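Shown next, in structure tokens, is the structure this report addresses.
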Amino acid sequence: MKKQILKNILVVLGISLFLSCENFLDENNIADVSAGSYYTTSQGLEDAVKATYGIMKEFYGTELGFSMNVFGTDTYTNGADGSHKYMNWYNNQHNSSAAYFRDTWRIMYRGINQANAVINRAESIEDMDAAVKNSRIAEVRFLRALYYFNLVRYYGDVHLSLEETQGVETEANRTSVQEVYGQAIIPDLEFAASTLPATQSEYGRVTKAAAEFLLAKVHLTAPQGSAAQAANLMSNVINNYNFSLLEDWSDLWDINNEENSEVVWTIINSKQQVDEGLDGYGHRGHLYFLFEYDKRPGMTRDTENGRPWKRFRPTNHLLSLWDRTKDARYDKGYKHVWYANKPIPGQKVGDTAVYIPGPGVDRNGVDQDGKWTQAAKDGVLFQVYTTDQYNQVIFPSLNKWIDNTRPNRQHTQGQRDFILMRLADAYLIRAEANLKLGNAALAAEDLNVIRKRAAWEGQQAAMEITANDVTIDFILDERARELVGEGHRWFDLVRNNKLIERVKAHNIDAKDNIQSYHILRPIPLDQIDRTEGGYAQNPGYTQ
């Protein structure tokens, strides 16, 4: 692989100010310091660890990361805008030249090489407490495992290196998925889980629970993984720390309640830095899941309603999953009313301008499509859009990521943290593991914990299921209801061999093109071109 690690390290350190956060990522700009000398000091190691975290911000919370994990599934298809619809269409542009496949590869390997640099150079550092140094090594080994976990899930067999690359390399290996798990991912996470503390004084650093959480997912995914181990690890996460589900699911998306009891691990962002443009990434999810409200009568774009980039549109299948008479998550996760923010004849600011009642029967037992006949729509002064009117610009808008604290309506970076691990997912993963172990009753217990939390008041009992209801498809549907838009879906479907089946059944824009080989992404063309002797492409894709 062609890498110029010294240049990469300096670039990472040079941008460390805008990749830093209010908690533990604050650091000095050390762009003019040689990585070769600076990384051999205690402060240099601390900054190098922070830089290893910082690289993740290029992926998580960006359009790239959402596109790789949400798009082209059974839950989200394309809206009107965006240059990367090939990721949903699975057409001839879904190839090794595509920018997002290339960029994901590059980001993950930059993170790996940064982690390798920290691990390799830490051995020579003498002015650092041994326990602190060991903990920092455990943090970057966790991060290295996550970078490799992403790579093997996206690309299959990949280049494996546990040593820092310096200068230019033109040789690369293709190590089997099983070996990458066995030589890198699992040992790194086992070391992290045995070394990291249960809590960290600095919010955002990985912990023992985070390592156990990720290792559980690895065991459900790896060829040599153990469903029993996955269940046991998630039981540790659920029972042995101080995590607890929030009483109200919607409180998870309160931007003033981010450091809550349900979060196991999150990638943190700083409001000051994203507002001032020091952080060029931030959380941009507020852009991508919104319909074109700002072109409707009485509406103009504002920070309260978000900047609608119309990238991801919910499929009809996704919208059918919630029983709204019992389950509150659709109503609390999607926006229904837009209030006029510019006056027009017959309507003043603050009046209802747009109403999307949503699919099916609501909590009051009213079929909104049946209620809102054309005559009923003609009888009100606001725009009403029912399911028969949904298209690439008009569709229900996911409200999880709205950030009304942005300094102006055009600002693309948001201050939200990116939640990568939360307790509800731990219950769902344990349910999946127990189902694979043949224990549907235990799986149902975990699913019921999540479902009862999601219920409207008084509907908790009605939301409960039995062991007979539990199948892998039910669990996937429950994961969609609970984790919609959070960046897990593509992995969930591939892990359970359901991507092709479900996309063909539920994604109208992808169903005719998706093929069996699309369970892997194509190896990027620049990796192939820059490797001496070439680099093997994944099956199904042209070289």
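In the structure tokens, each chain is lettered A, B, ... as it comes, each chain's residues begin at 1, and ligands are numbered from 1 in order of appearance.
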Please provide the set of residues having any atom within 10 Å of region 172-181 of chain A, restricted to only C-alpha atoms, with same-chain residues fewer than 5 positions apart removed, written as number ranges by chain. A: 1-2, 145, 148-149, 151-153, 155-161, 186-188, 218-219, 221-225, 527-528, 530-536
Using C-alpha atoms, can you export the residues from the last selection as a PDB file, in the first residue's frame?
ATOM      1  CA  MET A   1       0.000   0.000   0.000  1.00  0.00           C
ATOM      2  CA  LYS A   2       1.271   3.423  -0.871  1.00  0.00           C
ATOM      3  CA  ALA A 145      -9.785  -2.718  15.900  1.00  0.00           C
ATOM      4  CA  TYR A 148     -10.146  -2.843  10.785  1.00  0.00           C
ATOM      5  CA  PHE A 149     -13.653  -4.041  11.695  1.00  0.00           C
ATOM      6  CA  LEU A 151     -12.654  -2.473   6.565  1.00  0.00           C
ATOM      7  CA  VAL A 152     -13.363  -6.203   6.646  1.00  0.00           C
ATOM      8  CA  ARG A 153     -17.118  -5.636   6.813  1.00  0.00           C
ATOM      9  CA  TYR A 155     -14.276  -4.879   1.665  1.00  0.00           C
ATOM     10  CA  GLY A 156     -13.652  -8.452   2.861  1.00  0.00           C
ATOM     11  CA  ASP A 157     -10.010  -9.556   2.617  1.00  0.00           C
ATOM     12  CA  VAL A 158      -7.791  -6.504   3.090  1.00  0.00           C
ATOM     13  CA  HIS A 159      -4.224  -5.421   3.697  1.00  0.00           C
ATOM     14  CA  LEU A 160      -3.115  -6.198   7.252  1.00  0.00           C
ATOM     15  CA  SER A 161      -0.267  -4.393   8.933  1.00  0.00           C
ATOM     16  CA  ILE A 186     -10.064  -9.765  18.423  1.00  0.00           C
ATOM     17  CA  PRO A 187      -6.650  -9.528  20.164  1.00  0.00           C
ATOM     18  CA  ASP A 188      -6.849  -5.724  20.153  1.00  0.00           C
ATOM     19  CA  VAL A 218     -17.295  -8.748  16.442  1.00  0.00           C
ATOM     20  CA  HIS A 219     -18.287 -12.151  17.815  1.00  0.00           C
ATOM     21  CA  THR A 221     -19.859 -11.031  12.759  1.00  0.00           C
ATOM     22  CA  ALA A 222     -16.509 -12.845  12.558  1.00  0.00           C
ATOM     23  CA  PRO A 223     -16.292 -16.306  10.943  1.00  0.00           C
ATOM     24  CA  GLN A 224     -14.720 -17.617  14.152  1.00  0.00           C
ATOM     25  CA  GLY A 225     -17.050 -15.593  16.380  1.00  0.00           C
ATOM     26  CA  GLN A 527      -5.287   0.990  -4.295  1.00  0.00           C
ATOM     27  CA  ILE A 528      -5.121  -1.350  -7.288  1.00  0.00           C
ATOM     28  CA  ARG A 530      -0.624   2.022  -6.765  1.00  0.00           C
ATOM     29  CA  THR A 531       0.224  -1.505  -5.655  1.00  0.00           C
ATOM     30  CA  GLU A 532       3.179  -3.190  -7.273  1.00  0.00           C
ATOM     31  CA  GLY A 533       1.817  -6.101  -9.316  1.00  0.00           C
ATOM     32  CA  GLY A 534      -1.754  -4.857  -8.823  1.00  0.00           C
ATOM     33  CA  TYR A 535      -4.231  -5.686  -6.120  1.00  0.00           C
ATOM     34  CA  ALA A 536      -7.036  -8.229  -6.493  1.00  0.00           C
TER      35      ALA A 536
END
Quick one: residues within 8 Å of Gln368 (chain A), only C-alpha atoms, excluding same-chain residues fewer than 6 positions away - as a CSV table (one decimal) with N, CA, C and O atoms, in the first residue's frame?
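out28.csv, freshly written:
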chain,number,residue,atom,x,y,z
A,357,PRO,N,-49.0,14.0,8.2
A,357,PRO,CA,-49.5,13.2,9.3
A,357,PRO,C,-48.8,11.9,9.5
A,357,PRO,O,-48.9,11.3,10.6
A,358,GLY,N,-48.2,11.4,8.5
A,358,GLY,CA,-47.5,10.1,8.6
A,358,GLY,C,-48.3,8.9,8.2
A,358,GLY,O,-49.5,9.0,7.9
A,359,PRO,N,-47.7,7.8,8.1
A,359,PRO,CA,-48.3,6.6,7.6
A,359,PRO,C,-49.3,5.9,8.6
A,359,PRO,O,-49.1,6.0,9.8
A,360,GLY,N,-50.2,5.2,8.0
A,360,GLY,CA,-51.0,4.3,8.8
A,360,GLY,C,-52.0,5.0,9.8
A,360,GLY,O,-52.4,6.1,9.6
A,361,VAL,N,-52.3,4.2,10.8
A,361,VAL,CA,-53.3,4.7,11.8
A,361,VAL,C,-52.5,5.3,13.0
A,361,VAL,O,-51.5,4.7,13.5
A,362,ASP,N,-52.9,6.4,13.5
A,362,ASP,CA,-52.1,7.1,14.5
A,362,ASP,C,-52.6,6.6,15.9
A,362,ASP,O,-53.4,5.7,16.0
A,386,THR,N,-50.0,13.5,2.3
A,386,THR,CA,-50.2,12.1,2.7
A,386,THR,C,-49.3,11.1,1.9
A,386,THR,O,-48.6,11.5,1.0
Could you name the residues that touch region 470-477 of chain A at 8 Å or less, counting only C-alpha atoms, but leaving out those on the same chain fewer than 3 positions away, as a list in words? Leu321, Leu428, Ala431, Glu432, Leu435, Ala440, Ala443, Ala444, Leu447, Ile465, Thr466, Ala467, Ala480, Arg481, Asp492, Leu493 and Asn496 of chain A
Near region 63-70 of chain A, counting only C-alpha atoms, which residues have an atom at most 8 Å away, once you skip same-chain residues fewer than 6 positions from it, shown as a PyMOL selection string? chain A and resi 76+87+100+104+284-285+288+485-491
Those residues with N, CA, C and O atoms, as a PDB file, in the first residue's frame please?
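File written: selection-v1.pdb
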ATOM      1  N   TYR A  76     -33.704   3.065   3.736  1.00  0.00           N
ATOM      2  CA  TYR A  76     -33.537   4.372   3.096  1.00  0.00           C
ATOM      3  C   TYR A  76     -33.117   4.230   1.640  1.00  0.00           C
ATOM      4  O   TYR A  76     -32.215   3.465   1.303  1.00  0.00           O
ATOM      5  N   MET A  87     -24.697   4.655  -4.702  1.00  0.00           N
ATOM      6  CA  MET A  87     -24.619   3.799  -3.526  1.00  0.00           C
ATOM      7  C   MET A  87     -25.982   3.207  -3.192  1.00  0.00           C
ATOM      8  O   MET A  87     -26.073   2.189  -2.498  1.00  0.00           O
ATOM      9  N   TYR A 100     -16.628   7.594  -2.667  1.00  0.00           N
ATOM     10  CA  TYR A 100     -16.881   7.225  -1.279  1.00  0.00           C
ATOM     11  C   TYR A 100     -16.243   5.895  -0.889  1.00  0.00           C
ATOM     12  O   TYR A 100     -15.847   5.702   0.259  1.00  0.00           O
ATOM     13  N   THR A 104     -13.448   6.085   2.078  1.00  0.00           N
ATOM     14  CA  THR A 104     -13.599   5.251   3.270  1.00  0.00           C
ATOM     15  C   THR A 104     -12.341   4.426   3.496  1.00  0.00           C
ATOM     16  O   THR A 104     -11.819   4.330   4.621  1.00  0.00           O
ATOM     17  N   ARG A 284     -23.202  16.143  10.827  1.00  0.00           N
ATOM     18  CA  ARG A 284     -23.966  16.749   9.734  1.00  0.00           C
ATOM     19  C   ARG A 284     -25.257  16.001   9.425  1.00  0.00           C
ATOM     20  O   ARG A 284     -25.885  16.233   8.394  1.00  0.00           O
ATOM     21  N   GLY A 285     -25.646  15.110  10.318  1.00  0.00           N
ATOM     22  CA  GLY A 285     -26.865  14.348  10.072  1.00  0.00           C
ATOM     23  C   GLY A 285     -28.091  15.212   9.931  1.00  0.00           C
ATOM     24  O   GLY A 285     -29.083  14.802   9.310  1.00  0.00           O
ATOM     25  N   TYR A 288     -29.285  15.645   6.052  1.00  0.00           N
ATOM     26  CA  TYR A 288     -29.477  14.634   5.012  1.00  0.00           C
ATOM     27  C   TYR A 288     -30.840  13.955   4.990  1.00  0.00           C
ATOM     28  O   TYR A 288     -31.228  13.372   3.986  1.00  0.00           O
ATOM     29  N   GLY A 485     -31.632   5.415  11.139  1.00  0.00           N
ATOM     30  CA  GLY A 485     -30.773   6.534  10.785  1.00  0.00           C
ATOM     31  C   GLY A 485     -29.486   6.646  11.570  1.00  0.00           C
ATOM     32  O   GLY A 485     -28.702   7.573  11.347  1.00  0.00           O
ATOM     33  N   GLU A 486     -29.205   5.703  12.476  1.00  0.00           N
ATOM     34  CA  GLU A 486     -28.042   5.835  13.353  1.00  0.00           C
ATOM     35  C   GLU A 486     -26.767   5.199  12.786  1.00  0.00           C
ATOM     36  O   GLU A 486     -25.726   5.211  13.444  1.00  0.00           O
ATOM     37  N   GLY A 487     -26.851   4.646  11.584  1.00  0.00           N
ATOM     38  CA  GLY A 487     -25.632   4.183  10.933  1.00  0.00           C
ATOM     39  C   GLY A 487     -25.295   2.728  11.154  1.00  0.00           C
ATOM     40  O   GLY A 487     -24.124   2.349  11.046  1.00  0.00           O
ATOM     41  N   HIS A 488     -26.295   1.887  11.427  1.00  0.00           N
ATOM     42  CA  HIS A 488     -26.050   0.464  11.642  1.00  0.00           C
ATOM     43  C   HIS A 488     -26.619  -0.421  10.530  1.00  0.00           C
ATOM     44  O   HIS A 488     -26.277  -1.603  10.454  1.00  0.00           O
ATOM     45  N   ARG A 489     -27.492   0.098   9.679  1.00  0.00           N
ATOM     46  CA  ARG A 489     -28.363  -0.767   8.903  1.00  0.00           C
ATOM     47  C   ARG A 489     -27.625  -1.649   7.899  1.00  0.00           C
ATOM     48  O   ARG A 489     -27.927  -2.844   7.774  1.00  0.00           O
ATOM     49  N   TRP A 490     -26.707  -1.094   7.130  1.00  0.00           N
ATOM     50  CA  TRP A 490     -26.011  -1.896   6.119  1.00  0.00           C
ATOM     51  C   TRP A 490     -25.290  -3.063   6.790  1.00  0.00           C
ATOM     52  O   TRP A 490     -25.349  -4.198   6.322  1.00  0.00           O
ATOM     53  N   PHE A 491     -24.625  -2.785   7.915  1.00  0.00           N
ATOM     54  CA  PHE A 491     -23.936  -3.849   8.640  1.00  0.00           C
ATOM     55  C   PHE A 491     -24.917  -4.889   9.172  1.00  0.00           C
ATOM     56  O   PHE A 491     -24.646  -6.092   9.148  1.00  0.00           O
TER      57      PHE A 491
END
If you run DSSP on this backbone, which residues of region 57-176 of chain A come out as helix (DSSP H, G or I), and could you give them as number ranges by chain? A: 57-58, 63-69, 86-89, 99-122, 130-155
Pick from A:Thr352, A:Thr373, A:Thr300, A:Thr207 nearest to Met421 (chain A), counting only C-alpha atoms: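 Smallest distance to Met421 (chain A) is found for A:Thr207.
The environment of Asn448 (chain A) within 8 Å, counting only C-alpha atoms and disregarding residues fewer than 2 places along the same chain, consists of Ala444, Glu445, Asp446, Ile450, Arg451, Lys452, Met463, Glu464 and Ile465 of chain A.
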Export N, CA and C atoms of the chosen residues as a compact mmCIF listing (two decimals), in the first residue's frame?
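Wrote it out as result.txt, contents follow:
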# COMPACT_ATOMS: atom_id res chain seq x y z
N ALA A 444 -36.71 -12.64 23.44
CA ALA A 444 -37.96 -11.90 23.62
C ALA A 444 -37.90 -11.00 24.84
N GLU A 445 -37.26 -11.46 25.91
CA GLU A 445 -37.14 -10.63 27.11
C GLU A 445 -36.40 -9.33 26.80
N ASP A 446 -35.30 -9.44 26.07
CA ASP A 446 -34.54 -8.23 25.73
C ASP A 446 -35.32 -7.33 24.78
N ILE A 450 -36.86 -3.11 25.27
CA ILE A 450 -36.81 -2.00 24.30
C ILE A 450 -38.21 -1.59 23.88
N ARG A 451 -39.06 -2.54 23.63
CA ARG A 451 -40.40 -2.25 23.13
C ARG A 451 -41.27 -1.55 24.19
N LYS A 452 -41.13 -1.95 25.45
CA LYS A 452 -41.94 -1.30 26.48
C LYS A 452 -41.49 0.14 26.70
N MET A 463 -47.31 -3.86 23.77
CA MET A 463 -46.07 -3.90 22.98
C MET A 463 -45.26 -5.17 23.22
N GLU A 464 -45.59 -5.93 24.24
CA GLU A 464 -44.80 -7.12 24.54
C GLU A 464 -45.03 -8.22 23.52
N ILE A 465 -43.98 -9.00 23.29
CA ILE A 465 -44.04 -10.13 22.38
C ILE A 465 -43.70 -11.41 23.14
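Distance annotation: of A:Tyr154, A:Tyr427, A:Phe71, A:Tyr90, the residue with the minimal separation from Val494 (chain A) is A:Tyr154; atom set is only C-alpha atoms.
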Just want the 8 Å neighbourhood of region 210-217 of chain A, counted on only C-alpha atoms, with same-chain residues fewer than 3 positions away dropped. Output as a PDB file with N, CA and C atoms, in the first residue's frame.
ATOM      1  N   PHE A 142      -8.119  -0.343  20.657  1.00  0.00           N
ATOM      2  CA  PHE A 142      -9.567  -0.351  20.416  1.00  0.00           C
ATOM      3  C   PHE A 142      -9.884   0.351  19.098  1.00  0.00           C
ATOM      4  N   LEU A 146     -11.524  -1.057  15.599  1.00  0.00           N
ATOM      5  CA  LEU A 146     -12.729  -0.512  14.954  1.00  0.00           C
ATOM      6  C   LEU A 146     -12.455  -0.171  13.496  1.00  0.00           C
ATOM      7  N   ILE A 186      -9.733  -9.102  17.157  1.00  0.00           N
ATOM      8  CA  ILE A 186     -10.064  -9.765  18.423  1.00  0.00           C
ATOM      9  C   ILE A 186      -8.978  -9.568  19.471  1.00  0.00           C
ATOM     10  N   LEU A 189      -9.168  -5.978  20.848  1.00  0.00           N
ATOM     11  CA  LEU A 189     -10.318  -5.713  21.710  1.00  0.00           C
ATOM     12  C   LEU A 189     -10.217  -6.479  23.023  1.00  0.00           C
ATOM     13  N   GLU A 190      -9.675  -7.668  22.981  1.00  0.00           N
ATOM     14  CA  GLU A 190      -9.476  -8.395  24.241  1.00  0.00           C
ATOM     15  C   GLU A 190      -8.480  -7.663  25.132  1.00  0.00           C
ATOM     16  N   ALA A 192      -7.908  -4.404  25.029  1.00  0.00           N
ATOM     17  CA  ALA A 192      -8.587  -3.187  25.484  1.00  0.00           C
ATOM     18  C   ALA A 192      -9.557  -3.490  26.621  1.00  0.00           C
ATOM     19  N   ALA A 193     -10.324  -4.572  26.477  1.00  0.00           N
ATOM     20  CA  ALA A 193     -11.307  -4.912  27.502  1.00  0.00           C
ATOM     21  C   ALA A 193     -10.646  -5.282  28.824  1.00  0.00           C
ATOM     22  N   VAL A 206     -12.543   5.921  25.265  1.00  0.00           N
ATOM     23  CA  VAL A 206     -13.142   4.593  25.306  1.00  0.00           C
ATOM     24  C   VAL A 206     -12.895   3.951  26.670  1.00  0.00           C
ATOM     25  N   THR A 207     -13.812   3.066  27.047  1.00  0.00           N
ATOM     26  CA  THR A 207     -13.784   2.401  28.342  1.00  0.00           C
ATOM     27  C   THR A 207     -13.821   0.896  28.159  1.00  0.00           C
ATOM     28  N   LEU A 220     -20.450 -11.616  16.833  1.00  0.00           N
ATOM     29  CA  LEU A 220     -21.632 -11.919  16.010  1.00  0.00           C
ATOM     30  C   LEU A 220     -21.329 -11.852  14.526  1.00  0.00           C
ATOM     31  N   THR A 221     -20.174 -11.295  14.165  1.00  0.00           N
ATOM     32  CA  THR A 221     -19.859 -11.031  12.759  1.00  0.00           C
ATOM     33  C   THR A 221     -18.741 -11.907  12.217  1.00  0.00           C
ATOM     34  N   GLN A 229     -20.319 -15.894  23.362  1.00  0.00           N
ATOM     35  CA  GLN A 229     -19.451 -14.820  23.822  1.00  0.00           C
ATOM     36  C   GLN A 229     -20.110 -13.463  23.632  1.00  0.00           C
ATOM     37  N   ALA A 230     -20.770 -13.274  22.500  1.00  0.00           N
ATOM     38  CA  ALA A 230     -21.468 -12.017  22.254  1.00  0.00           C
ATOM     39  C   ALA A 230     -22.511 -11.762  23.329  1.00  0.00           C
ATOM     40  N   ALA A 231     -23.302 -12.783  23.658  1.00  0.00           N
ATOM     41  CA  ALA A 231     -24.332 -12.635  24.684  1.00  0.00           C
ATOM     42  C   ALA A 231     -23.712 -12.323  26.043  1.00  0.00           C
ATOM     43  N   LEU A 233     -20.756 -10.949  26.708  1.00  0.00           N
ATOM     44  CA  LEU A 233     -20.152  -9.616  26.719  1.00  0.00           C
ATOM     45  C   LEU A 233     -21.217  -8.535  26.844  1.00  0.00           C
ATOM     46  N   MET A 234     -22.309  -8.680  26.104  1.00  0.00           N
ATOM     47  CA  MET A 234     -23.370  -7.678  26.222  1.00  0.00           C
ATOM     48  C   MET A 234     -24.056  -7.745  27.584  1.00  0.00           C
ATOM     49  N   ASN A 236     -22.421  -8.252  30.309  1.00  0.00           N
ATOM     50  CA  ASN A 236     -21.536  -7.418  31.124  1.00  0.00           C
ATOM     51  C   ASN A 236     -21.857  -5.942  30.947  1.00  0.00           C
ATOM     52  N   VAL A 237     -22.027  -5.525  29.687  1.00  0.00           N
ATOM     53  CA  VAL A 237     -22.323  -4.117  29.409  1.00  0.00           C
ATOM     54  C   VAL A 237     -23.640  -3.710  30.065  1.00  0.00           C
ATOM     55  N   VAL A 264     -22.984   4.488  25.787  1.00  0.00           N
ATOM     56  CA  VAL A 264     -21.826   3.665  26.130  1.00  0.00           C
ATOM     57  C   VAL A 264     -20.552   4.307  25.586  1.00  0.00           C
ATOM     58  N   TRP A 265     -20.604   4.749  24.343  1.00  0.00           N
ATOM     59  CA  TRP A 265     -19.458   5.467  23.774  1.00  0.00           C
ATOM     60  C   TRP A 265     -19.927   6.344  22.627  1.00  0.00           C
ATOM     61  N   MET A 421     -22.369   3.816  20.299  1.00  0.00           N
ATOM     62  CA  MET A 421     -22.813   2.692  21.118  1.00  0.00           C
ATOM     63  C   MET A 421     -23.775   3.211  22.177  1.00  0.00           C
ATOM     64  N   ALA A 426     -27.234  -2.663  22.878  1.00  0.00           N
ATOM     65  CA  ALA A 426     -26.697  -3.808  23.622  1.00  0.00           C
ATOM     66  C   ALA A 426     -27.789  -4.858  23.847  1.00  0.00           C
ATOM     67  N   ILE A 429     -28.491  -6.520  20.413  1.00  0.00           N
ATOM     68  CA  ILE A 429     -27.436  -7.456  20.018  1.00  0.00           C
ATOM     69  C   ILE A 429     -27.505  -8.720  20.872  1.00  0.00           C
TER      70      ILE A 429
END
9 Å contact set for Gln537 (chain A), only C-alpha atoms, chain neighbours under 5 positions out, as a PDB file with C-alpha atoms, in the first residue's frame:
ATOM      1  CA  SER A  96     -13.937   0.903  -7.836  1.00  0.00           C
ATOM      2  CA  PRO A 522     -15.305  -2.674  -4.477  1.00  0.00           C
ATOM      3  CA  ILE A 523     -11.598  -2.345  -3.730  1.00  0.00           C
ATOM      4  CA  PRO A 524     -10.749   1.268  -4.685  1.00  0.00           C
ATOM      5  CA  LEU A 525      -9.057   1.717  -8.036  1.00  0.00           C
ATOM      6  CA  ILE A 528      -5.121  -1.350  -7.288  1.00  0.00           C
ATOM      7  CA  THR A 542     -14.308  -5.173 -12.911  1.00  0.00           C
ATOM      8  CA  GLN A 543     -10.613  -4.673 -12.209  1.00  0.00           C
TER       9      GLN A 543
END
DSSP-assigned strand (DSSP E or B) among region 214-339 of chain A, expressed as number ranges by chain: A: 263-267, 302, 306, 312-314, 327, 334-335, 337-339
Proximity to Glu58 (chain A) - best of A:Asn404, A:Asn269, A:Asn92, A:Asn257, only C-alpha atoms: A:Asn269
